[in-house]
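Peer 1: Hey, dropping query-v4.txt in here, compact mmCIF, C-alpha atoms:
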# COMPACT_ATOMS: atom_id res chain seq x y z
CA MET A 1485 124.89 -54.54 105.83
CA LYS A 1486 123.86 -52.08 108.53
CA ARG A 1487 120.80 -54.12 109.56
CA LEU A 1488 122.68 -57.39 110.22
CA PRO A 1489 123.49 -56.59 113.89
CA LEU A 1490 119.79 -55.80 114.40
CA TYR A 1491 118.84 -59.18 112.93
CA ILE A 1492 121.41 -61.01 115.04
CA GLY A 1493 120.07 -59.18 118.10
CA GLY A 1494 116.68 -60.64 117.19
CA PHE A 1495 118.29 -64.09 117.15
CA LEU A 1496 119.76 -63.59 120.64
CA GLY A 1497 116.45 -63.04 122.47
CA PRO A 1498 114.80 -66.42 121.74
CA LEU A 1499 118.16 -68.19 121.95
CA GLY A 1500 118.76 -66.83 125.43
CA THR A 1501 115.20 -67.59 126.47
CA LEU A 1502 114.93 -71.19 125.27
CA ALA A 1503 118.48 -72.58 125.41
CA MET A 1504 117.89 -73.40 129.06
CA VAL A 1505 115.12 -75.92 128.33
CA PRO A 1506 117.37 -78.91 127.49
CA MET A 1507 119.65 -77.98 130.39
CA ILE A 1508 116.95 -78.55 133.02
CA PRO A 1509 118.16 -82.04 134.07
CA GLU A 1510 121.74 -80.80 134.48
CA LEU A 1511 120.57 -77.70 136.37
CA ARG A 1512 118.37 -79.86 138.60
CA ASP A 1513 121.35 -82.07 139.44
CA GLU A 1514 123.74 -79.13 139.85
CA PHE A 1515 121.52 -77.26 142.28
CA GLY A 1516 119.88 -80.29 143.93
CA ALA A 1517 116.47 -78.89 143.10
CA SER A 1518 113.20 -80.07 141.61
CA THR A 1519 112.28 -79.58 137.98
CA SER A 1520 109.62 -77.07 138.97
CA ALA A 1521 112.13 -75.06 141.02
CA VAL A 1522 114.63 -75.01 138.15
CA SER A 1523 111.91 -74.00 135.70
CA TRP A 1524 111.69 -70.68 137.55
CA GLY A 1525 114.72 -69.79 135.43
CA ILE A 1526 112.40 -69.75 132.42
CA THR A 1527 109.36 -68.35 134.20
CA GLY A 1528 111.33 -65.55 135.85
CA TYR A 1529 112.92 -64.59 132.54
CA LEU A 1530 109.57 -64.47 130.72
CA LEU A 1531 107.73 -62.62 133.51
CA ALA A 1532 110.44 -59.97 133.69
CA LEU A 1533 110.46 -59.67 129.90
CA ALA A 1534 106.68 -59.27 129.75
CA LEU A 1535 106.50 -56.73 132.59
CA PHE A 1536 109.33 -54.54 131.35
CA LEU A 1537 108.20 -54.64 127.71
CA LEU A 1538 105.35 -52.40 128.81
CA VAL A 1539 107.73 -49.50 129.52
CA ALA A 1540 111.09 -50.38 128.01
CA GLY A 1541 110.57 -48.86 124.57
CA THR A 1542 109.51 -45.51 126.00
CA ILE A 1543 112.32 -45.44 128.54
CA GLY A 1544 114.85 -46.56 125.95
CA GLU A 1545 113.82 -43.85 123.49
CA ARG A 1546 114.05 -41.24 126.22
CA PHE A 1547 117.66 -42.22 127.03
CA GLY A 1548 118.54 -42.98 123.42
CA ARG A 1549 118.54 -46.24 121.49
CA ARG A 1550 122.30 -46.37 121.08
CA ARG A 1551 123.08 -45.96 124.77
CA THR A 1552 120.17 -48.09 125.99
CA VAL A 1553 120.81 -51.04 123.67
CA ARG A 1554 124.55 -51.01 124.32
CA THR A 1555 123.99 -50.87 128.08
CA THR A 1556 121.35 -53.58 128.09
CA TYR A 1557 123.49 -55.87 125.93
CA LEU A 1558 126.23 -55.49 128.52
CA VAL A 1559 123.76 -56.07 131.37
CA TYR A 1560 122.51 -59.16 129.51
CA ALA A 1561 126.10 -60.37 129.15
CA ALA A 1562 126.84 -59.79 132.84
CA ALA A 1563 123.64 -61.63 133.81
CA SER A 1564 124.59 -64.51 131.49
CA ILE A 1565 128.02 -64.80 133.09
CA GLY A 1566 126.30 -64.54 136.48
CA CYS A 1567 124.13 -67.52 135.52
CA ALA A 1568 127.21 -69.44 134.41
CA LEU A 1569 128.96 -68.77 137.71
CA ALA A 1570 125.91 -69.11 139.98
CA PRO A 1571 126.64 -71.28 143.02
CA SER A 1572 122.94 -71.57 143.93
CA LEU A 1573 119.58 -71.81 142.22
CA GLY A 1574 118.46 -68.50 143.72
CA LEU A 1575 121.36 -66.64 142.16
CA PHE A 1576 120.85 -68.48 138.88
CA VAL A 1577 117.17 -67.47 138.74
CA THR A 1578 118.12 -63.89 139.65
CA GLY A 1579 120.50 -63.85 136.67
CA ARG A 1580 117.72 -65.14 134.43
CA VAL A 1581 115.33 -62.41 135.64
CA ILE A 1582 117.97 -59.78 134.85
CA GLN A 1583 118.40 -61.32 131.39
CA GLY A 1584 114.65 -60.99 130.84
CA ILE A 1585 114.66 -57.34 131.91
CA ALA A 1586 117.57 -56.57 129.58
CA ASN A 1587 115.91 -58.34 126.65
CA ALA A 1588 112.77 -56.26 127.24
CA PHE A 1589 114.80 -53.15 126.46
CA ILE A 1590 116.64 -54.64 123.49
CA THR A 1591 113.75 -56.05 121.48
CA PRO A 1592 111.51 -52.98 120.95
CA LEU A 1593 114.46 -50.69 120.35
CA LEU A 1594 115.91 -53.02 117.71
CA LEU A 1595 112.55 -53.09 115.93
CA ALA A 1596 112.28 -49.29 116.03
CA ALA A 1597 115.85 -48.97 114.74
CA LEU A 1598 115.10 -51.47 111.99
CA ALA A 1599 112.09 -49.42 110.88
CA ASP A 1600 114.22 -46.27 110.83
CA ALA A 1601 117.09 -47.95 108.94
CA THR A 1602 114.84 -49.27 106.19
CA SER A 1603 113.16 -47.41 103.34
CA ALA A 1604 109.39 -47.14 103.70
CA GLY A 1605 108.65 -49.66 100.97
CA ARG A 1606 110.88 -52.33 102.51
CA VAL A 1607 109.99 -52.15 106.22
CA GLY A 1608 107.69 -55.19 106.00
CA ARG A 1609 110.44 -57.26 104.40
CA SER A 1610 112.97 -56.18 107.04
CA ILE A 1611 110.58 -57.00 109.87
CA GLY A 1612 110.01 -60.38 108.21
CA VAL A 1613 113.75 -61.05 108.11
CA TYR A 1614 113.98 -59.99 111.76
CA GLY A 1615 111.16 -62.41 112.59
CA SER A 1616 113.02 -65.15 110.71
CA PHE A 1617 116.11 -64.54 112.83
CA GLN A 1618 113.95 -64.74 115.95
CA ALA A 1619 112.46 -68.01 114.72
CA LEU A 1620 115.94 -69.32 113.97
CA GLY A 1621 117.03 -68.40 117.50
CA GLY A 1622 114.01 -70.19 118.96
CA ALA A 1623 114.48 -73.24 116.75
CA GLY A 1624 118.23 -73.43 117.32
CA ALA A 1625 118.05 -72.90 121.09
CA PRO A 1626 117.23 -76.51 121.99
CA LEU A 1627 120.08 -77.77 119.82
CA LEU A 1628 122.61 -75.28 121.19
CA GLY A 1629 121.32 -75.72 124.74
CA GLY A 1630 121.52 -79.51 124.39
CA LEU A 1631 125.08 -79.32 123.08
CA ALA A 1632 126.01 -77.02 125.96
CA ALA A 1633 124.40 -79.44 128.42
CA ASP A 1634 126.56 -82.24 127.02
CA VAL A 1635 129.75 -80.21 127.35
CA GLY A 1636 128.78 -78.35 130.51
CA TRP A 1637 125.63 -76.25 130.92
CA ARG A 1638 127.60 -73.22 132.09
CA TRP A 1639 129.19 -72.90 128.63
CA GLY A 1640 125.78 -72.18 127.10
CA PHE A 1641 125.49 -69.06 129.23
CA VAL A 1642 129.08 -68.05 128.52
CA LEU A 1643 128.38 -68.31 124.78
CA VAL A 1644 125.24 -66.17 125.03
CA GLY A 1645 127.15 -63.66 127.16
CA LEU A 1646 129.97 -63.41 124.63
CA MET A 1647 127.49 -62.98 121.82
CA SER A 1648 125.84 -60.16 123.74
CA VAL A 1649 129.18 -58.43 124.35
CA ALA A 1650 129.93 -58.62 120.63
CA LEU A 1651 126.53 -57.12 119.78
CA ALA A 1652 127.14 -54.26 122.24
CA GLY A 1653 129.79 -53.10 119.77
CA PHE A 1654 127.11 -52.54 117.11
CA PRO A 1655 124.24 -50.68 118.77
CA PRO A 1656 121.63 -48.97 116.60
CA ALA A 1657 121.81 -45.25 115.97
CA GLY A 1658 119.67 -42.94 118.00
CA GLY A 1659 120.18 -40.37 120.69
CA PRO A 1660 117.82 -39.33 123.47
CA GLN A 1661 114.39 -38.08 122.43
CA SER A 1662 113.04 -34.91 123.98
CA GLU A 1663 109.61 -35.01 125.55
CA ARG A 1664 106.89 -34.13 123.09
What would the structure in this file look like if it were written as structure tokens?
Peer 2:
Amino acid sequence: MKRLPLYIGGFLGPLGTLAMVPMIPELRDEFGASTSAVSWGITGYLLALALFLLVAGTIGERFGRRRTVRTTYLVYAAASIGCALAPSLGLFVTGRVIQGIANAFITPLLLAALADATSAGRVGRSIGVYGSFQALGGAGAPLLGGLAADVGWRWGFVLVGLMSVALAGFPPAGGPQSER
């Protein structure tokens, strides 16, 4: 199924965003910081995502979906590993901001690729399945984040990073678009 990597990419975004929530007590203890300081890992991610979503689709289409998605999956993976290895809260939050920027490029390009990979009469169904994968990622994030917190919070970020590396091997089709 050629759309499966696109659906799994939809799962990754909410998973990466929300898996941190149950890790907050461990992160607070690890970095000797307040809950509000640690929560900047979520806020920074979401602010970066929201800001870059405004331009990411256009930029990504200009450079090509395939190249942009592959690159941003690898950037997301590197940022995830950076979060896992972060010796300070500042570096951890920086990694989360970079994750948010990368996700801003992945999400719209996956949706555009999904629309192109689906026959006209089935686009709504495919977008619905994509949305279901996103919902599954959001719903599963607290469970997976909680399990990672029990084992060691850093493993949650390693897992997300490895998943992102695997997805980089299956980018959507699409070369650079010329200016119109």
Peer 1: Mind checking which residues fall within 10 Å of region 1546-1550 of chain A, counting all atoms listed in the file, ignoring those fewer than 2 positions away in the same chain, and posting them as a compact mmCIF listing (two decimals) with C-alpha atoms, keeping the file's coordinate frame?
Peer 2:
# COMPACT_ATOMS: atom_id res chain seq x y z
CA ALA A 1540 111.09 -50.38 128.01
CA GLY A 1541 110.57 -48.86 124.57
CA THR A 1542 109.51 -45.51 126.00
CA ILE A 1543 112.32 -45.44 128.54
CA GLY A 1544 114.85 -46.56 125.95
CA THR A 1552 120.17 -48.09 125.99
CA VAL A 1553 120.81 -51.04 123.67
CA ARG A 1554 124.55 -51.01 124.32
CA THR A 1555 123.99 -50.87 128.08
CA PHE A 1589 114.80 -53.15 126.46
CA ILE A 1590 116.64 -54.64 123.49
CA PRO A 1592 111.51 -52.98 120.95
CA LEU A 1593 114.46 -50.69 120.35
CA LEU A 1594 115.91 -53.02 117.71
CA ALA A 1596 112.28 -49.29 116.03
CA ALA A 1597 115.85 -48.97 114.74
CA ALA A 1652 127.14 -54.26 122.24
CA PHE A 1654 127.11 -52.54 117.11
CA PRO A 1655 124.24 -50.68 118.77
CA PRO A 1656 121.63 -48.97 116.60
CA ALA A 1657 121.81 -45.25 115.97
CA GLY A 1658 119.67 -42.94 118.00
CA GLY A 1659 120.18 -40.37 120.69
CA PRO A 1660 117.82 -39.33 123.47
CA GLN A 1661 114.39 -38.08 122.43
CA SER A 1662 113.04 -34.91 123.98
CA GLU A 1663 109.61 -35.01 125.55
Peer 1: For region 1501-1608 of chain A against region 1632-1646 of chain A, with a cut-off of 6 Å and counting all atoms listed in the file, what is the closest atom pair and its distance in Å to one decimal for every residue that makes the cut, ordered by chain and number, as CSV?
Peer 2:
residue,atom,partner,partner_atom,distance
A:Met1507,CA,A:Ala1633,CA,5.3
A:Ala1561,CA,A:Gly1645,CA,4.0
A:Ser1564,CA,A:Gly1645,CA,5.1
A:Ile1565,CA,A:Val1642,CA,5.7
A:Ala1568,CA,A:Arg1638,CA,4.5
Peer 1: I need the residue nearest Gln1618 (chain A) from this list: A:Ala1604, A:Val1539, A:Ala1534, A:Leu1595. Use only C-alpha atoms for the distance.
Peer 2: A:Leu1595
Peer 1: How close does region 1539-1647 of chain A get to region 1488-1496 of chain A? List, as CSV, each residue of region 1539-1647 of chain A within 7 Å, its nearest atom pair and the distance in Å to one decimal, counting only C-alpha atoms.
Peer 2:
residue,atom,partner,partner_atom,distance
A:Thr1591,CA,A:Gly1494,CA,6.9
A:Leu1594,CA,A:Leu1490,CA,5.8
A:Leu1598,CA,A:Leu1490,CA,6.8
A:Tyr1614,CA,A:Tyr1491,CA,5.1
A:Phe1617,CA,A:Phe1495,CA,4.9
A:Gln1618,CA,A:Phe1495,CA,4.5
A:Leu1620,CA,A:Phe1495,CA,6.6
A:Gly1621,CA,A:Phe1495,CA,4.5
Peer 1: CA of Pro1571 (chain A) and CA of Gly1516 (chain A), how far apart in Å?
Peer 2: 11.3 Å
Peer 1: Kindly give the distance, in Å, that separates CA of Ile1611 (chain A) and CA of Ile1526 (chain A), rounded to a single decimal.
Peer 2: 26.0 Å
Peer 1: Give me the box for region 1650-1657 of chain A as JSON, namely the centre and edge lengths in Å to one decimal of a box along x, y and z that holds every listed atom plus 5 Å on each side.
Peer 2:
{"center_x": 125.8, "center_y": -51.9, "center_z": 119.1, "size_x": 18.3, "size_y": 23.4, "size_z": 16.3}
Peer 1: For Ile1585 (chain A), please output as a count of residues only all residues within 7 Å (counting all atoms listed in the file; exclusion window: fewer than 5 positions along the same chain).
Peer 2: 3
Peer 1: Distance CA of Thr1602 (chain A)-CA of Thr1501 (chain A), one decimal place?
Peer 2: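 These two atoms are separated by 27.3 Å.
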Peer 1: Using only C-alpha atoms, which of A:Ala1570, A:Leu1651, A:Ala1588, A:Ala1517 sits nearest Leu1537 (chain A)?
Peer 2: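 Residue with the minimum atom-to-atom distance to Leu1537 (chain A): A:Ala1588.
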Peer 1: Please identify all polymer residues within 9 Å of Leu1628 (chain A), counting only C-alpha atoms, omitting same-chain residues fewer than 6 positions from it, and present them as a PyMOL selection string.
Peer 2: chain A and resi 1499+1503+1506+1640
Peer 1: When distances are computed from all atoms listed in the file, which of A:Gly1615, A:Gly1605, A:Gly1574, A:Gly1525 shows the smallest separation from Gly1500 (chain A)?
Peer 2: A:Gly1525
Peer 1: Show me the residues close to (117.2, -72.5, 138.5) - anything with an atom within 12 Å, counting all atoms listed in the file - and format the list as JSON, numbers by chain.
Peer 2: {"A": [1504, 1505, 1507, 1508, 1509, 1510, 1511, 1512, 1513, 1514, 1515, 1516, 1517, 1518, 1519, 1520, 1521, 1522, 1523, 1524, 1525, 1526, 1527, 1528, 1529, 1567, 1568, 1570, 1571, 1572, 1573, 1574, 1575, 1576, 1577, 1578, 1579, 1580, 1581, 1637]}
Peer 1: Could you model N, CA and C atoms for region 1528-1541 of chain A and present them as a CSV table (one decimal), in the coordinates of the input?
Peer 2:
chain,number,residue,atom,x,y,z
A,1528,GLY,N,110.8,-66.9,135.4
A,1528,GLY,CA,111.3,-65.6,135.8
A,1528,GLY,C,111.8,-64.7,134.7
A,1529,TYR,N,112.5,-65.3,133.7
A,1529,TYR,CA,112.9,-64.6,132.5
A,1529,TYR,C,111.7,-64.0,131.8
A,1530,LEU,N,110.7,-64.9,131.5
A,1530,LEU,CA,109.6,-64.5,130.7
A,1530,LEU,C,108.7,-63.5,131.4
A,1531,LEU,N,108.5,-63.6,132.8
A,1531,LEU,CA,107.7,-62.6,133.5
A,1531,LEU,C,108.4,-61.2,133.5
A,1532,ALA,N,109.7,-61.2,133.7
A,1532,ALA,CA,110.4,-60.0,133.7
A,1532,ALA,C,110.4,-59.3,132.3
A,1533,LEU,N,110.6,-60.2,131.3
A,1533,LEU,CA,110.5,-59.7,129.9
A,1533,LEU,C,109.1,-59.0,129.7
A,1534,ALA,N,108.0,-59.8,130.0
A,1534,ALA,CA,106.7,-59.3,129.8
A,1534,ALA,C,106.4,-58.0,130.5
A,1535,LEU,N,106.8,-57.9,131.8
A,1535,LEU,CA,106.5,-56.7,132.6
A,1535,LEU,C,107.3,-55.5,132.1
A,1536,PHE,N,108.5,-55.7,131.8
A,1536,PHE,CA,109.3,-54.5,131.4
A,1536,PHE,C,109.1,-54.1,129.9
A,1537,LEU,N,108.6,-55.0,129.1
A,1537,LEU,CA,108.2,-54.6,127.7
A,1537,LEU,C,107.2,-53.5,127.7
A,1538,LEU,N,106.4,-53.4,128.7
A,1538,LEU,CA,105.4,-52.4,128.8
A,1538,LEU,C,105.9,-51.0,128.8
A,1539,VAL,N,107.1,-50.8,129.4
A,1539,VAL,CA,107.7,-49.5,129.5
A,1539,VAL,C,109.1,-49.3,128.9
A,1540,ALA,N,109.7,-50.4,128.5
A,1540,ALA,CA,111.1,-50.4,128.0
A,1540,ALA,C,111.3,-49.5,126.8
A,1541,GLY,N,110.4,-49.6,125.8
A,1541,GLY,CA,110.6,-48.9,124.6
A,1541,GLY,C,110.6,-47.4,124.8
